[in-house]
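For reference, the structure is listed below as structure tokens.
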Amino acid sequence: MLKPIGDRVVVRAKTAEEMTKSGIILPDTAKERPQEGEVMAVGTGRVMDDGRVVPLDVKVGDKVLFSKYGGTEIKIGGEEYIILREDDILAVIES
Amino acid sequence: MLKPIGDRVVVRAKTAEEMTKSGIILPDTAKERPQEGEVMAVGTGRVMDDGRVVPLDVKVGDKVLFSKYGGTEIKIGGEEYIILREDDILAVIES
Amino acid sequence: MLKPIGDRVVVRAKTAEEMTKSGIILPDTAKERPQEGEVMAVGTGRVMDDGRVVPLDVKVGDKVLFSKYGGTEIKIGGEEYIILREDDILAVIES
Amino acid sequence: MLKPIGDRVVVRAKTAEEMTKSGIILPDTAKERPQEGEVMAVGTGRVMDDGRVVPLDVKVGDKVLFSKYGGTEIKIGGEEYIILREDDILAVIES
Amino acid sequence: MLKPIGDRVVVRAKTAEEMTKSGIILPDTAKERPQEGEVMAVGTGRVMDDGRVVPLDVKVGDKVLFSKYGGTEIKIGGEEYIILREDDILAVIES
Amino acid sequence: MLKPIGDRVVVRAKTAEEMTKSGIILPDTAKERPQEGEVMAVGTGRVMDDGRVVPLDVKVGDKVLFSKYGGTEIKIGGEEYIILREDDILAVIES
Amino acid sequence: MLKPIGDRVVVRAKTAEEMTKSGIILPDTAKERPQEGEVMAVGTGRVMDDGRVVPLDVKVGDKVLFSKYGGTEIKIGGEEYIILREDDILAVIES
């Protein structure tokens, strides 16, 4: 498995089929290109100016809306994952 | 529902009809493209340099003027929502 | 009324007639496009790096010279207002 | 009179005649466009990251060399003034 | 051997053959151009604003996904190495 | 005389004749355009984030290599001077 | 001799002949243009936000890989030197 560094997280991108179910419609033309996904792994946290590490807000299993813009897409075993900074996650989808 | 991350908020955009009622006229050509809306959800706050979290100034239910520029538009159940940072909210409309 | 967020203020722009009276001539071609106005509302203050809030220098009723560049223009009841950050206010006009 | 905000100062620009007297020759082509002037008013100081206000180095009456680049030119009663940040003042001319 | 400065690390890039084995597929067109490699040396750490040095998260021997974008490629004895900042390492590949 | 503000210094540029003597050859095409000179006046120091003033490293009389890039050239009594920030001084030439 | 200011160092660039000996091959096309050299002089250190000075990691005599990009090249007595910030040094070459 992947262990992200610092304030990065690994997100599994939802398939088109899964996204239809959530009822959230994400525009094709949006500047930040939002997408739905599930958090698979989180880094140890953000390193602040004074060296302290602040744990991330999101946790493994969270369903999230995120911006693909700053992330890096990879594929493992046919599934699409994205490694991004927590700051690129817009919101947690609560059920 | 959506739970925004950090200093982000979820705002429901007012329809053209609702905006006419408020008496505020927002120019089409404005650089920051202001818009009226209602705060639906707020993040836990802004993380400062020393790791402390400062709660947001706006709260759920606030009527606000905001700049769409940096936000991300989504649709849930036919309604238009915008996820943006609190810093993109210009003012609360007090009645 | 509008309650600005953070370090923002709401300024009522002076009409051309009012500006002639003040004796201050503002160049059309100036890079920062200065303008005269009156402060109508102020935010709670600037949030510093350590989370403290520093109240603004300007107060309601102040006559100010400001730069329109970074502000957002709106109209309420026929009057023109601008929402801008305190840092875009150049000086208070003292009488 | 004008009371500048924060770390801004109001400077009266020297006329061409006054500048010849000082013996300082300022190149027409200089990148930062330096100019001579006299400080007419100063703001309360620079707000630091921790909220403290540091008073400015220049004071009313100082003859200064400054860069017009970031400033805003205005005219009051036929005289030309410039509102700029203290950081745009290069040096005090001591006699 | 190379001893990286500060928050830099030296990574040995995996050959195409080695990368096929890991099962991770990295897109040719990805914006951040991710790549697999092994950490060969690490700097003493990141210097924070207050002068303290925070040791790096990665250690010698870690298998990592990294972005080549900000790094510097060199060759020693036929092997390809990259010197990059820890922040350009996206994740550790745990087995 | 000129008293520079903050972290600025006034440097007298060496003439072509003086520069030949030092044995240092400065390339015409260098990106930062280095030049030799002598420090004539120094500001009170650099203002840090917490308001403290850190005195400059260079002192009056120092022979220095500096980058003209960010400085402002002026002439007083036929001599060429440059006002620049201490950070634009590359090194002190020790004899 | 040259005494660099702050976090700058003076490096003597290796000749093509010397570089062949080290066994490190530096690509002509690399974005950061790395080069080998020897540290001849170091500044007193980096000034942090709170005014403290943190001594540099490299010391006189260190063989280093550095990026020429941000540095300034000069010649003294036929030898080529580069003045650069410590942050432009990628790694120390240990033997």
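Going by the structure tokens order, chains are called A, B, ..., each with residues numbered from 1, while ligands are numbered from 1 in the order shown.
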
field: For Lys59 in chain D: contacts at 8 Å, only C-alpha atoms, fewer than 5 positions along chain excluded, given as number ranges by chain
entry: D: 39, 41-42

- request: Looking only at strand (DSSP E or B) from DSSP on the backbone, list the matching residues of chain B as a VMD selection string.
  value: chain B and resid 2 to 4 8 to 13 24 to 25 34 to 42 46 to 47 53 to 54 63 to 67 72 to 76 79 to 85 89 to 93

field: CA of Gly43 in chain B to CA of Met48 in chain A, distance in Å rounded to a single decimal
entry: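 According to the coordinates, CA of Gly43 in chain B and CA of Met48 in chain A are separated by 19.5 Å.
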
field: Close residues, range 71-88 of chain B itself excluded, 7 Å, only C-alpha atoms, min 5 positions apart in chain, as a PyMOL selection string
entry: (chain A and resi 23-27+30+32+90) or (chain B and resi 7-13+66)

message: If I take CA of Gly6 in chain E and CA of Pro4 in chain A, how far is one from the other in Å, to one decimal?
response: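 These two atoms are separated by 20.6 Å.
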
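For the choices E:Asp50, E:Glu94, E:Asp57, E:Glu36, the atom-to-atom distance to chain F is smallest for E:Asp50 when using only C-alpha atoms.
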
- prompt: For the atom pair CA of Pro34 in chain E and CA of Lys63 in chain A, what is the interatomic distance in Å to one decimal place?
  reply: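 Those two atoms sit 24.8 Å apart.
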
Spatial neighbours of Gln35 in chain F, 9 Å, only C-alpha atoms, chain gap at least 2 places, as a ChimeraX atom specification: /F:13-14,19,26,33,37,64-68

Generate a file of the selected residues that holds all heavy atoms, formatted as a PDB file, in the first residue's frame.
```pdb
ATOM      1  N   ALA F  13      29.732  53.354  -6.581  1.00  0.00           N
ATOM      2  CA  ALA F  13      30.194  52.414  -7.593  1.00  0.00           C
ATOM      3  C   ALA F  13      31.638  52.712  -7.961  1.00  0.00           C
ATOM      4  O   ALA F  13      32.030  53.869  -8.104  1.00  0.00           O
ATOM      5  CB  ALA F  13      29.307  52.526  -8.831  1.00  0.00           C
ATOM      6  N   LYS F  14      32.461  51.647  -8.095  1.00  0.00           N
ATOM      7  CA  LYS F  14      33.839  51.827  -8.514  1.00  0.00           C
ATOM      8  C   LYS F  14      33.879  52.205  -9.988  1.00  0.00           C
ATOM      9  O   LYS F  14      33.060  51.729 -10.789  1.00  0.00           O
ATOM     10  CB  LYS F  14      34.627  50.533  -8.315  1.00  0.00           C
ATOM     11  CG  LYS F  14      35.112  50.334  -6.898  1.00  0.00           C
ATOM     12  CD  LYS F  14      36.225  49.283  -6.866  1.00  0.00           C
ATOM     13  CE  LYS F  14      36.744  49.110  -5.448  1.00  0.00           C
ATOM     14  NZ  LYS F  14      37.780  48.062  -5.388  1.00  0.00           N
ATOM     15  N   MET F  19      38.211  49.178 -10.772  1.00  0.00           N
ATOM     16  CA  MET F  19      37.847  47.768 -10.822  1.00  0.00           C
ATOM     17  C   MET F  19      38.953  46.909 -11.412  1.00  0.00           C
ATOM     18  O   MET F  19      39.143  45.766 -11.006  1.00  0.00           O
ATOM     19  CB  MET F  19      36.546  47.575 -11.592  1.00  0.00           C
ATOM     20  CG  MET F  19      35.357  48.107 -10.791  1.00  0.00           C
ATOM     21  SD  MET F  19      33.788  47.832 -11.611  1.00  0.00           S
ATOM     22  CE  MET F  19      33.698  46.051 -11.588  1.00  0.00           C
ATOM     23  N   LEU F  26      34.367  40.747 -13.710  1.00  0.00           N
ATOM     24  CA  LEU F  26      32.925  40.533 -13.630  1.00  0.00           C
ATOM     25  C   LEU F  26      32.368  40.440 -15.044  1.00  0.00           C
ATOM     26  O   LEU F  26      32.551  41.355 -15.840  1.00  0.00           O
ATOM     27  CB  LEU F  26      32.274  41.693 -12.875  1.00  0.00           C
ATOM     28  CG  LEU F  26      32.858  41.899 -11.466  1.00  0.00           C
ATOM     29  CD1 LEU F  26      32.416  43.231 -10.908  1.00  0.00           C
ATOM     30  CD2 LEU F  26      32.427  40.769 -10.559  1.00  0.00           C
ATOM     31  N   ARG F  33      24.280  40.851 -12.932  1.00  0.00           N
ATOM     32  CA  ARG F  33      25.092  42.047 -13.162  1.00  0.00           C
ATOM     33  C   ARG F  33      25.884  42.512 -11.929  1.00  0.00           C
ATOM     34  O   ARG F  33      25.605  43.567 -11.358  1.00  0.00           O
ATOM     35  CB  ARG F  33      24.206  43.192 -13.631  1.00  0.00           C
ATOM     36  CG  ARG F  33      23.686  43.004 -15.042  1.00  0.00           C
ATOM     37  CD  ARG F  33      22.976  44.244 -15.515  1.00  0.00           C
ATOM     38  NE  ARG F  33      21.770  44.478 -14.732  1.00  0.00           N
ATOM     39  CZ  ARG F  33      21.068  45.600 -14.723  1.00  0.00           C
ATOM     40  NH1 ARG F  33      21.467  46.626 -15.432  1.00  0.00           N
ATOM     41  NH2 ARG F  33      19.980  45.719 -13.996  1.00  0.00           N
ATOM     42  N   GLY F  37      32.014  48.079  -5.366  1.00  0.00           N
ATOM     43  CA  GLY F  37      31.744  49.395  -4.823  1.00  0.00           C
ATOM     44  C   GLY F  37      32.170  49.488  -3.372  1.00  0.00           C
ATOM     45  O   GLY F  37      32.682  48.531  -2.807  1.00  0.00           O
ATOM     46  N   VAL F  64      32.626  46.027  -1.484  1.00  0.00           N
ATOM     47  CA  VAL F  64      31.641  44.963  -1.699  1.00  0.00           C
ATOM     48  C   VAL F  64      31.443  44.636  -3.174  1.00  0.00           C
ATOM     49  O   VAL F  64      31.694  45.470  -4.048  1.00  0.00           O
ATOM     50  CB  VAL F  64      30.270  45.348  -1.093  1.00  0.00           C
ATOM     51  CG1 VAL F  64      30.354  45.440   0.425  1.00  0.00           C
ATOM     52  CG2 VAL F  64      29.748  46.660  -1.684  1.00  0.00           C
ATOM     53  N   LEU F  65      31.028  43.399  -3.402  1.00  0.00           N
ATOM     54  CA  LEU F  65      30.494  42.988  -4.700  1.00  0.00           C
ATOM     55  C   LEU F  65      28.980  43.035  -4.569  1.00  0.00           C
ATOM     56  O   LEU F  65      28.422  42.453  -3.639  1.00  0.00           O
ATOM     57  CB  LEU F  65      30.902  41.550  -5.023  1.00  0.00           C
ATOM     58  CG  LEU F  65      32.248  41.296  -5.662  1.00  0.00           C
ATOM     59  CD1 LEU F  65      32.366  39.818  -5.976  1.00  0.00           C
ATOM     60  CD2 LEU F  65      32.417  42.110  -6.942  1.00  0.00           C
ATOM     61  N   PHE F  66      28.304  43.687  -5.487  1.00  0.00           N
ATOM     62  CA  PHE F  66      26.854  43.772  -5.356  1.00  0.00           C
ATOM     63  C   PHE F  66      26.179  43.597  -6.702  1.00  0.00           C
ATOM     64  O   PHE F  66      26.801  43.706  -7.758  1.00  0.00           O
ATOM     65  CB  PHE F  66      26.440  45.104  -4.716  1.00  0.00           C
ATOM     66  CG  PHE F  66      26.807  46.312  -5.522  1.00  0.00           C
ATOM     67  CD1 PHE F  66      25.903  46.870  -6.408  1.00  0.00           C
ATOM     68  CD2 PHE F  66      28.058  46.897  -5.394  1.00  0.00           C
ATOM     69  CE1 PHE F  66      26.237  47.982  -7.163  1.00  0.00           C
ATOM     70  CE2 PHE F  66      28.403  48.016  -6.150  1.00  0.00           C
ATOM     71  CZ  PHE F  66      27.489  48.555  -7.039  1.00  0.00           C
ATOM     72  N   SER F  67      24.905  43.302  -6.622  1.00  0.00           N
ATOM     73  CA  SER F  67      24.088  43.153  -7.816  1.00  0.00           C
ATOM     74  C   SER F  67      23.307  44.441  -8.037  1.00  0.00           C
ATOM     75  O   SER F  67      22.582  44.897  -7.153  1.00  0.00           O
ATOM     76  CB  SER F  67      23.118  41.985  -7.621  1.00  0.00           C
ATOM     77  OG  SER F  67      22.030  42.103  -8.488  1.00  0.00           O
ATOM     78  N   LYS F  68      23.493  45.042  -9.214  1.00  0.00           N
ATOM     79  CA  LYS F  68      22.807  46.309  -9.496  1.00  0.00           C
ATOM     80  C   LYS F  68      21.318  46.118  -9.744  1.00  0.00           C
ATOM     81  O   LYS F  68      20.554  47.084  -9.775  1.00  0.00           O
ATOM     82  CB  LYS F  68      23.416  46.955 -10.751  1.00  0.00           C
ATOM     83  CG  LYS F  68      24.730  47.646 -10.516  1.00  0.00           C
ATOM     84  CD  LYS F  68      25.354  48.046 -11.832  1.00  0.00           C
ATOM     85  CE  LYS F  68      24.534  49.116 -12.551  1.00  0.00           C
ATOM     86  NZ  LYS F  68      25.253  49.599 -13.774  1.00  0.00           N
TER      87      LYS F  68
END
```

task: Compare D:Met1, D:Val54, D:Ile93, D:Val60 by their minimum atom-to-atom distance to chain C, counting only C-alpha atoms, and give me the closest one.
output: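 The shortest atom-to-atom distance to chain C comes from D:Met1.
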
query: If you count only C-alpha atoms, which residues fall within 8 Å of Val53 in chain D, apart from same-chain ones fewer than 5 positions away, as an MDAnalysis selection string?
result: (chainID D and resid 44:48) or (chainID F and resid 51)

Take the residues just selected and output them with C-alpha atoms as a PDB file, in the first residue's frame.
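Dumped everything to out.pdb:
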```
ATOM      1  CA  THR D  44       0.665  54.883  12.853  1.00  0.00           C
ATOM      2  CA  GLY D  45       3.103  52.183  11.763  1.00  0.00           C
ATOM      3  CA  ARG D  46       3.516  48.742  10.316  1.00  0.00           C
ATOM      4  CA  VAL D  47       1.364  45.948  11.778  1.00  0.00           C
ATOM      5  CA  MET D  48       3.608  42.930  12.414  1.00  0.00           C
TER       6      MET D  48
ATOM      7  CA  GLY F  51       9.266  43.935  15.218  1.00  0.00           C
TER       8      GLY F  51
END
```

Residue list (helix (DSSP H, G or I), DSSP) for chain B, as a count of residues only: 10

query: Taking into account only C-alpha atoms, which residue in the set E:Ile5, E:Asp49, E:Tyr69, E:Glu38 is nearest to chain A?
result: E:Asp49
